[in-house]
Amino acid sequence: MGKGLLTNAYSYRDGALHCEDVPAETIAIAAGTPVFVYSAAVVRDRYRALAAALSGTPSRIHYSLKANGNRALLSLLRELGSGVDVVSGGELAKAIRAGYRGEDVICGGVGKTAREIREAIQARLKLINVESRAELDLVNAIAGEVGATVPIGFRVNPEVAIANAHEYIATGSRGHKFGIPRGDVVATAQAALAMPHVRLVGLDMHVGSQLATLDPYRDGLRRLEGLIGEVRRVGAPLRYVDVGGGLPVAYVAGDPEPDLDGFGSLVGEAMRRLDMELIVEPGRFFSAACGVMLTRVLYRKSSGGKEYVIADAGMNDLIRPSHYDAVHRVTAVRPTGRRVTADLVGPICETGDFLALDRDMDDVAVGDLVAVHEAGAYSYVMASNYNARPRAAEVMVDGHRFAVVTARETYDDLMRLELDDPNWRDA
């Protein structure tokens with residue numbers, strides 16, 4: 001499982017952590033801390049491994065931009081041949097800025113606004129994945145206004161129960177907000193077929209993230225295949241099957257690695273039975289493993305029998321531990337061999353501001369650098385300015401080269417949108 005995936009992009013040489021051929025200390029000095037660092041080699045390796053697993057199956061990989069929308073990462077994936085999946089007008093704008101064409105883009109999202117739908121139609125996307133009958137009506141109406149016939153898919157809730165790391169990343173169970181309920185799909189398809197400005201060409205599912213086994217894909221595809229037969233019988237010219245993302249990333253020892261060969265075999269067999277083109281939407285699989293967050297130790301503190309390592313990165317930079325109970329590997333950039341059990345916390349005025357709790361970790365000192373691993377997904381994209389903290393810089397490493405690809409925010413950036421002289425109006 002996960003055979004052949006690059007595991008040594010972040011390695012220790014001469015006692016210090018390197019990203020590919022660049023010392024982490026060099027990056028921290030040049031870009032400051034906290035800073036997110038991304039390895040181009042990991043992205044290339046994982047893209048090629050997934051593409052190889054899908055070889056022989058008519059398919060297209062569409063990177064899920066919500067995992068990490070950094071333009072350097074998007075450009076790298078575009079060069080590798082990837083399309084993208086977007087879930088907002090802002091993400092569509094970022095994709096276009098990164099060089100993607102309309103046919104490279106799929107638009108999803110349970111709450112698209114009229115403006116976002118109009119922008120997606122005008123961009124002539126490959127698919128708009130519709131998630132409700134009300135949205136279907138709106139897409140048809142706006143397409144009529146602009147004189148277009150829009151290719152659409154239905155995101156289906158396959159109502160598959162799964163066990164994964166956190167309830168917030170399960171998205172395809174009965175009662176979730178996502179997708180058209182399984183029992184409503186055929187009637188909604190009949191409604192679409194009667195509409196002049198939409199063309200139903202695909203069915204889509206996304207059962208969740210960090211799927212430890214292939215069973216959720218197998219169960220979801222079985223249900224999706226039955227629906228495809230029913231929808232075809234009422235006259236829809238279905239062409240695409242979108243199985244979403246969900247391939248797991250090993251955050252700590254013992255976490256599952258993706259069975260890419262098994263995944264490729266499972267979806268390939270389904271596509272041959274259906275004679276359809278496959279769409280996959282991995283996000284975390286590419287971006288999580290490519291990234292670390294570097295943070296510098298500000299203070300050491302003992303309180304109530306606990307040891308605290310206080311760093312310059314907090315929950316505003318990396319909210320996953322606080323929000324998802326996520327566990328990330330934590331290592332010293334230059335280990336000493338001494339160990340301590342401590343909480344790694346940030347400077348935010350919240351008890352929930354932590355990066356690791358009761359962790360057996362390197363006994364770091366003030367000024368030392370700490371690396372939080374597998375931090376490339378749902379990290380910078382979920383960062384905030386809470387406590388009026390500027391967001392971190394982002395750095396891309398490619399071999400012996402590195403570059404700041406997103407500048408660190410400044411205090412002026414924090415206040416840029418505030419108006420000195422607001423235009424007051426009478427109600």
# chains A, B, ... in the order shown; residues from 1 in each chain; ligands from 1
call {"tool": "select_by_dssp", "arguments": {"residues": "region 155-247 of chain A", "states": "helix (DSSP H, G or I)", "output": "NGL selection string"}}
result
:A and (167-169 or 182-193 or 215-233)
call {"tool": "residues_around", "arguments": {"residues": "Leu74 (chain A)", "least_positions_apart": "4", "cutoff": "8 Å", "atoms": "only C-alpha atoms", "output": "list in words"}}
result
Leu65, Gly69, Asn70, Arg78, Ala95 and Ala98 of chain A
call {"tool": "write_last_selection", "arguments": {"atoms": "C-alpha atoms", "output": "mmCIF file, in the first residue's frame"}}
result
data_model
loop_
_atom_site.group_PDB
_atom_site.id
_atom_site.type_symbol
_atom_site.label_atom_id
_atom_site.label_comp_id
_atom_site.auth_asym_id
_atom_site.auth_seq_id
_atom_site.Cartn_x
_atom_site.Cartn_y
_atom_site.Cartn_z
ATOM 1 C CA LEU A 65 -8.160 23.166 -4.728
ATOM 2 C CA GLY A 69 -4.828 26.859 -3.259
ATOM 3 C CA ASN A 70 -1.265 28.143 -3.483
ATOM 4 C CA ARG A 78 -1.247 21.963 -14.168
ATOM 5 C CA ALA A 95 -7.547 28.449 -10.908
ATOM 6 C CA ALA A 98 -2.893 29.768 -12.338
#
call {"tool": "closest_residue", "arguments": {"among": "A:Cys107, A:Leu344, A:Val327, A:Ala212", "to": "Glu119 (chain A)", "atoms": "only C-alpha atoms"}}
result
A:Cys107
call {"tool": "residues_around", "arguments": {"residues": "Ala9 (chain A)", "least_positions_apart": "3", "cutoff": "9 Å", "atoms": "only C-alpha atoms", "output": "list of chain:residue names"}}
result
A:Leu6, A:His18, A:Cys19, A:Glu20, A:Asp21, A:Ser39, A:Ala41, A:Val42, A:Cys290
call {"tool": "closest_residue", "arguments": {"among": "A:Asn129, A:Phe178, A:Ala250, A:Leu278", "to": "Ser55 (chain A)", "atoms": "only C-alpha atoms"}}
result
A:Leu278
call {"tool": "residues_around", "arguments": {"residues": "Gly314 (chain A)", "least_positions_apart": "5", "cutoff": "7 Å", "atoms": "only C-alpha atoms", "output": "PyMOL selection string"}}
result
chain A and resi 345-348+353-354
call {"tool": "write_last_selection", "arguments": {"atoms": "C-alpha atoms", "output": "PDB file, in the first residue's frame"}}
result
ATOM      1  CA  VAL A 345       1.205  25.651  22.023  1.00  0.00           C
ATOM      2  CA  GLY A 346       0.990  28.996  20.267  1.00  0.00           C
ATOM      3  CA  PRO A 347       0.586  32.647  21.246  1.00  0.00           C
ATOM      4  CA  ILE A 348      -3.197  32.901  20.691  1.00  0.00           C
ATOM      5  CA  ASP A 353      -4.554  27.113  20.835  1.00  0.00           C
ATOM      6  CA  PHE A 354      -2.313  24.068  20.560  1.00  0.00           C
TER       7      PHE A 354
END
call {"tool": "select_by_dssp", "arguments": {"residues": "region 237-423 of chain A", "states": "strand (DSSP E or B)", "output": "ChimeraX atom specification"}}
result
/A:240-242,277-280,291-303,306-311,330-332,339-345,354-362,369-373,393-398,401-406
call {"tool": "residues_around", "arguments": {"residues": "Ser88 (chain A)", "least_positions_apart": "4", "cutoff": "10 Å", "atoms": "only C-alpha atoms", "output": "list of chain:residue names"}}
result
A:Leu65, A:Lys66, A:Leu92, A:Ala93, A:Lys94, A:Cys107, A:Gly108, A:Gly109, A:Val110, A:Gly111, A:Lys112, A:Thr113, A:Glu116, A:Ile117, A:Glu119, A:Ala120
call {"tool": "closest_residue", "arguments": {"among": "A:Asp242, A:Met382, A:Met195, A:Arg391", "to": "Val207 (chain A)", "atoms": "only C-alpha atoms"}}
result
A:Asp242
call {"tool": "atom_distance", "arguments": {"atom1": "CA of Leu54 (chain A)", "atom2": "CA of Gly264 (chain A)"}}
result
5.0 Å
call {"tool": "residues_around", "arguments": {"residues": "Asp358 (chain A)", "least_positions_apart": "6", "cutoff": "9 Å", "atoms": "only C-alpha atoms", "output": "PDB file with C-alpha atoms, in the first residue's frame"}}
result
ATOM      1  CA  LYS A 306       2.890  20.202  32.767  1.00  0.00           C
ATOM      2  CA  GLU A 307       5.633  21.305  30.418  1.00  0.00           C
ATOM      3  CA  THR A 341       6.591  15.242  27.318  1.00  0.00           C
ATOM      4  CA  ALA A 342       5.057  18.627  26.623  1.00  0.00           C
ATOM      5  CA  ASP A 343       2.246  20.587  25.054  1.00  0.00           C
ATOM      6  CA  LEU A 344       3.324  22.492  21.946  1.00  0.00           C
TER       7      LEU A 344
END
call {"tool": "atom_distance", "arguments": {"atom1": "CA of Arg60 (chain A)", "atom2": "CA of Glu269 (chain A)"}}
result
15.9 Å
call {"tool": "closest_residue", "arguments": {"among": "A:Glu374, A:Asp137, A:Glu25, A:Glu281", "to": "Gly208 (chain A)", "atoms": "only C-alpha atoms"}}
result
A:Glu281
call {"tool": "closest_residue", "arguments": {"among": "A:Asp275, A:Tyr47, A:Asp255, A:Gly262", "to": "Gly229 (chain A)", "atoms": "only C-alpha atoms"}}
result
A:Asp275
call {"tool": "atom_distance", "arguments": {"atom1": "CA of Leu318 (chain A)", "atom2": "CA of Ser379 (chain A)"}}
result
5.0 Å
call {"tool": "closest_residue", "arguments": {"among": "A:Val243, A:Val297, A:Ala189, A:Val22", "to": "Val280 (chain A)", "atoms": "only C-alpha atoms"}}
result
A:Val243
call {"tool": "residues_around", "arguments": {"residues": "Arg339 (chain A)", "least_positions_apart": "5", "cutoff": "7 Å", "atoms": "only C-alpha atoms", "output": "NGL selection string"}}
result
:A and (360-363)
